[in-house]
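I have placed the structure first, in the form of structure tokens, so that the comments after it can refer back to it.
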Amino acid sequence: MADSLLANKRVLITQADAFMGPALCGVFAAHGATVIASTASLVGPDAPAAVVAAAGDIDVLIANLAIPAPATPALEVTEDEWREVFAALVDPLPRLCRAVLPAMIARRAGKIVVMGSASALRGMKRASSYSAARGAQLAYVQALGVEMAPHNVQINVIAQNFVDNPTYFPPEVQANPRFQERLQREVPLGRLVGAEEDAEFAAYLAGKAADCFVGQVFPMCGGWVPR
């Protein structure tokens with residue numbers, strides 16, 4: 001049964017069939033939100049604005065952006081890889097924000113939550129293109145968050161890793177003994193963060209109780225990064 005945390009809120013969730021999308025859709029609906037679950041591509045200068053226009057009036061944007069993470073040594077990253085990763089993870093973000101923010105500013109209310117990555121907070125081998133793109137997301141949110149705060153619009157990002165999701169930790173990865181050893185070695189929690197645990201925090205950030213958070217980066221990674 002739905003509760004009232006997000007009652008009467010229209011929430012646009014991008015890439016709703018990937019990364020945290022399925023969990024976000026379920027949790028937000030359970031909290032009373034009207035969920036607009038978009039699976040449309042966001043690649044291309046006009047694509048994000050088209051997604052926002054198709055969604056109609058929205059109170060909350062959940063920028064759920066994902067791409068399979070390359071595992072290329074830094075000196076072997078090609079121009080094509082770099083551009084592809086940034087085109088998927090970085091370029092859509094300001095385009096989405098430019099599309100939703102004018103209405104939020106006009107009514108002096110709105111929330112944007114970006115589903116980011118803790119790979120931007122800790123060095124990882126063979127992840128330079130991916131980590132750089134995720135880092136750009138964090139920097140953008142911090143800057144935009146303080147700019148939008150006077151308009152009573154809150155923008156924050158969840159920087160996650162080792163969270164159960166079908167894009168980065170599908171069942172075959174989770175079942176691999178080497179991955180289980182890594183999980184015990186690197187993650188103080190000793191397990192993956194549950195998908196619903198992550199989505200519940202996103203729902204909190206989308207609600208009234210989180211009005212005080214401005215351009216914050218919240219690690220969600222079972223202690224993999226300490227800050």
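Chain labels follow the order of the structure tokens: the first chain is A, the next B, and so on; residue numbering restarts at 1 in every chain, and ligands are counted from 1 in their shown order.
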Problem - Spatial neighbours of segment 216-221 of chain A, max dist 6 Å, only C-alpha atoms, sep filter under 3 positions, as a PyMOL selection string - result: chain A and resi 156-162+224
Once you have the residues from the selection above, write them out as an mmCIF file, in the first residue's frame, restricted to N, CA, C and O atoms.
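Just written: again21.cif:
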data_model
loop_
_atom_site.group_PDB
_atom_site.id
_atom_site.type_symbol
_atom_site.label_atom_id
_atom_site.label_comp_id
_atom_site.auth_asym_id
_atom_site.auth_seq_id
_atom_site.Cartn_x
_atom_site.Cartn_y
_atom_site.Cartn_z
ATOM 1 N N ASN A 156 20.901 17.064 -5.792
ATOM 2 C CA ASN A 156 21.894 16.272 -5.079
ATOM 3 C C ASN A 156 22.205 15.006 -5.873
ATOM 4 O O ASN A 156 21.507 14.668 -6.833
ATOM 5 N N VAL A 157 23.264 14.302 -5.459
ATOM 6 C CA VAL A 157 23.690 13.119 -6.191
ATOM 7 C C VAL A 157 24.037 12.002 -5.223
ATOM 8 O O VAL A 157 24.647 12.239 -4.171
ATOM 9 N N ILE A 158 23.631 10.797 -5.562
ATOM 10 C CA ILE A 158 24.028 9.599 -4.829
ATOM 11 C C ILE A 158 25.193 8.970 -5.582
ATOM 12 O O ILE A 158 25.057 8.567 -6.734
ATOM 13 N N ALA A 159 26.349 8.929 -4.928
ATOM 14 C CA ALA A 159 27.556 8.366 -5.534
ATOM 15 C C ALA A 159 27.682 6.918 -5.046
ATOM 16 O O ALA A 159 28.138 6.675 -3.932
ATOM 17 N N GLN A 160 27.289 5.990 -5.888
ATOM 18 C CA GLN A 160 27.160 4.620 -5.410
ATOM 19 C C GLN A 160 28.134 3.654 -6.081
ATOM 20 O O GLN A 160 28.652 3.899 -7.170
ATOM 21 N N ASN A 161 28.371 2.594 -5.373
ATOM 22 C CA ASN A 161 29.067 1.425 -5.904
ATOM 23 C C ASN A 161 28.701 0.256 -5.008
ATOM 24 O O ASN A 161 28.246 0.436 -3.871
ATOM 25 N N PHE A 162 28.861 -0.935 -5.542
ATOM 26 C CA PHE A 162 28.500 -2.139 -4.806
ATOM 27 C C PHE A 162 27.046 -2.066 -4.320
ATOM 28 O O PHE A 162 26.734 -2.387 -3.175
ATOM 29 N N TRP A 224 32.875 1.492 0.998
ATOM 30 C CA TRP A 224 33.969 1.376 0.047
ATOM 31 C C TRP A 224 34.759 2.679 -0.042
ATOM 32 O O TRP A 224 35.973 2.666 -0.204
#
Practice task
May I have the residues within 8 Å of Gln15 of chain A as a ChimeraX atom specification, using only C-alpha atoms and disregarding those fewer than 3 positions away in the same chain?
Solution key: /A:18-19,21,37-41,64-66
Write the residues of the selection above to a file with all heavy atoms, as a short mmCIF file (atom, residue, chain, number, x, y, z; two decimals), in the first residue's frame.
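New file result_33.cif:
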data_model
loop_
_atom_site.label_atom_id
_atom_site.label_comp_id
_atom_site.auth_asym_id
_atom_site.auth_seq_id
_atom_site.Cartn_x
_atom_site.Cartn_y
_atom_site.Cartn_z
N ALA A 18 17.18 0.30 -16.72
CA ALA A 18 18.60 -0.01 -16.50
C ALA A 18 19.05 0.56 -15.16
O ALA A 18 18.37 1.38 -14.53
CB ALA A 18 19.44 0.58 -17.63
N PHE A 19 20.25 0.13 -14.74
CA PHE A 19 20.90 0.65 -13.55
C PHE A 19 19.93 0.59 -12.37
O PHE A 19 19.44 -0.48 -12.04
CB PHE A 19 21.42 2.06 -13.82
CG PHE A 19 22.39 2.63 -12.81
CD1 PHE A 19 23.15 1.83 -12.00
CD2 PHE A 19 22.53 4.01 -12.69
CE1 PHE A 19 24.06 2.37 -11.08
CE2 PHE A 19 23.42 4.57 -11.78
CZ PHE A 19 24.17 3.75 -10.98
N GLY A 21 16.95 1.98 -12.29
CA GLY A 21 15.61 2.30 -12.75
C GLY A 21 14.51 1.41 -12.21
O GLY A 21 13.51 1.91 -11.67
N ALA A 37 8.14 6.57 -16.23
CA ALA A 37 9.31 5.72 -16.43
C ALA A 37 9.72 5.79 -17.89
O ALA A 37 9.13 5.13 -18.74
CB ALA A 37 9.00 4.29 -16.02
N SER A 38 10.75 6.57 -18.17
CA SER A 38 11.21 6.74 -19.54
C SER A 38 12.33 5.77 -19.86
O SER A 38 13.27 5.61 -19.08
CB SER A 38 11.71 8.17 -19.76
OG SER A 38 12.27 8.30 -21.05
N THR A 39 12.21 5.13 -21.01
CA THR A 39 13.29 4.26 -21.49
C THR A 39 13.88 4.81 -22.79
O THR A 39 14.65 4.13 -23.46
CB THR A 39 12.78 2.83 -21.72
OG1 THR A 39 11.71 2.85 -22.67
CG2 THR A 39 12.28 2.21 -20.42
N ALA A 40 13.54 6.04 -23.12
CA ALA A 40 14.01 6.64 -24.36
C ALA A 40 15.50 6.96 -24.27
O ALA A 40 16.04 7.25 -23.19
CB ALA A 40 13.23 7.92 -24.66
N SER A 41 16.17 6.93 -25.41
CA SER A 41 17.58 7.30 -25.46
C SER A 41 17.76 8.77 -25.10
O SER A 41 16.93 9.62 -25.45
CB SER A 41 18.13 7.06 -26.87
OG SER A 41 19.44 7.59 -26.99
N ASN A 64 18.82 9.02 -13.85
CA ASN A 64 19.40 7.68 -13.75
C ASN A 64 20.11 7.42 -15.07
O ASN A 64 19.48 7.14 -16.08
CB ASN A 64 18.27 6.67 -13.50
CG ASN A 64 18.75 5.25 -13.40
OD1 ASN A 64 19.55 4.91 -12.53
ND2 ASN A 64 18.27 4.39 -14.28
N LEU A 65 21.44 7.56 -15.06
CA LEU A 65 22.24 7.48 -16.29
C LEU A 65 23.24 6.35 -16.16
O LEU A 65 23.98 6.28 -15.16
CB LEU A 65 22.97 8.80 -16.53
CG LEU A 65 22.07 10.05 -16.63
CD1 LEU A 65 22.92 11.31 -16.61
CD2 LEU A 65 21.22 10.00 -17.89
N ALA A 66 23.29 5.50 -17.17
CA ALA A 66 24.19 4.35 -17.07
C ALA A 66 24.70 3.96 -18.44
O ALA A 66 24.08 4.21 -19.47
CB ALA A 66 23.45 3.16 -16.44
#
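For segment 33-115 of chain A, backbone-based DSSP assignment of strand (DSSP E) covers Thr34, Val35, Ile36, Ala37, Val60, Leu61, Ile62, Ala63, Asn64, Gly110, Lys111, Ile112, Val113, Val114 and Met115 of chain A.
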Output C-alpha atoms of each residue in that selection to a file, as an mmCIF file, in the first residue's frame.
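Output contents, as saved in selection-v8.cif:
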data_model
loop_
_atom_site.group_PDB
_atom_site.id
_atom_site.type_symbol
_atom_site.label_atom_id
_atom_site.label_comp_id
_atom_site.auth_asym_id
_atom_site.auth_seq_id
_atom_site.Cartn_x
_atom_site.Cartn_y
_atom_site.Cartn_z
ATOM 1 C CA THR A 34 3.101 9.222 -10.157
ATOM 2 C CA VAL A 35 6.090 7.706 -11.932
ATOM 3 C CA ILE A 36 6.922 8.534 -15.528
ATOM 4 C CA ALA A 37 9.310 5.720 -16.429
ATOM 5 C CA VAL A 60 11.093 15.520 -9.441
ATOM 6 C CA LEU A 61 13.717 14.443 -11.936
ATOM 7 C CA ILE A 62 15.671 11.288 -11.195
ATOM 8 C CA ALA A 63 18.609 11.380 -13.594
ATOM 9 C CA ASN A 64 19.398 7.682 -13.746
ATOM 10 C CA GLY A 110 11.539 20.985 -7.336
ATOM 11 C CA LYS A 111 14.017 18.211 -6.797
ATOM 12 C CA ILE A 112 16.697 16.638 -8.979
ATOM 13 C CA VAL A 113 18.478 13.499 -7.801
ATOM 14 C CA VAL A 114 21.322 12.121 -9.892
ATOM 15 C CA MET A 115 22.194 8.449 -9.615
#
Exercise for the section: Mind the document's chain letters and residue numbers, and return as a count of residues only the residues of segment 14-125 of chain A that DSSP labels alpha helix (DSSP H). Expected result: 46
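Of note, atom CA of Arg108 of chain A and atom CA of Lys9 of chain A are spaced 14.6 Å apart.
Residues surrounding Phe179 of chain A within 12 Å are Phe162, Phe169, Pro170, Pro171, Glu172, Val173, Gln174, Ala175, Leu183, Gln184, Arg185, Glu186, Val187, Gly190, Arg191 and Leu192 of chain A [only C-alpha atoms; sequence separation below 4 positions excluded].
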Fill in the blank from the handout: Across A:Ile58, A:Val43, A:Ala210, A:Leu205, the smallest distance to Val85 of chain A, with only C-alpha atoms counted, is shown by A:Val43
So which residues touch segment 25-33 of chain A within 6 Å, counting only C-alpha atoms, skipping near sequence neighbours fewer than 4 positions away, as a compact mmCIF listing (two decimals) with N, CA, C and O atoms, in the first residue's frame?
# COMPACT_ATOMS: atom_id res chain seq x y z
N ALA A 2 0.53 2.23 -0.83
CA ALA A 2 1.34 3.44 -0.94
C ALA A 2 1.23 4.29 0.31
O ALA A 2 0.19 4.36 0.96
N ASP A 3 2.34 4.94 0.68
CA ASP A 3 2.29 5.91 1.75
C ASP A 3 2.27 7.31 1.11
O ASP A 3 2.09 7.46 -0.09
N SER A 4 2.46 8.35 1.91
CA SER A 4 2.26 9.71 1.42
C SER A 4 3.54 10.50 1.23
O SER A 4 3.47 11.70 0.98
N LEU A 5 4.71 9.87 1.33
CA LEU A 5 5.96 10.62 1.24
C LEU A 5 6.03 11.43 -0.05
O LEU A 5 6.45 12.60 -0.04
N LEU A 6 5.61 10.86 -1.15
CA LEU A 6 5.69 11.54 -2.45
C LEU A 6 4.31 11.65 -3.10
O LEU A 6 4.20 11.74 -4.32
N ALA A 7 3.28 11.71 -2.28
CA ALA A 7 1.92 11.83 -2.81
C ALA A 7 1.78 13.10 -3.62
O ALA A 7 2.33 14.16 -3.26
N LYS A 9 3.16 13.89 -6.29
CA LYS A 9 4.39 14.27 -6.99
C LYS A 9 4.51 13.47 -8.29
O LYS A 9 4.34 12.25 -8.30
N ARG A 10 4.80 14.18 -9.35
CA ARG A 10 5.08 13.54 -10.64
C ARG A 10 6.59 13.44 -10.79
O ARG A 10 7.31 14.44 -10.72
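Nearest to Leu42 of chain A of all the residues A:Ile105, A:Ala87, A:Ala209, A:Leu24 is A:Ala87, based on only C-alpha atoms.
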Handout entry: Exercise: Val90 of chain A partners within 12 Å, only C-alpha atoms, chain neighbours under 6 positions left out, as a PyMOL selection string
Key = chain A and resi 42-45+48+63-67+82-84+96-97+114-116+129-141
Practice task
Quick one: pull the distance between atom CA of Ala88 of chain A and atom CA of Tyr168 of chain A, Å, one decimal.
Solution key: 15.2 Å
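For the set A:Val146, A:Val163, A:Val225, A:Ala23, the residue with the smallest atom-to-atom gap to Phe213 of chain A is A:Val146, counting only C-alpha atoms.
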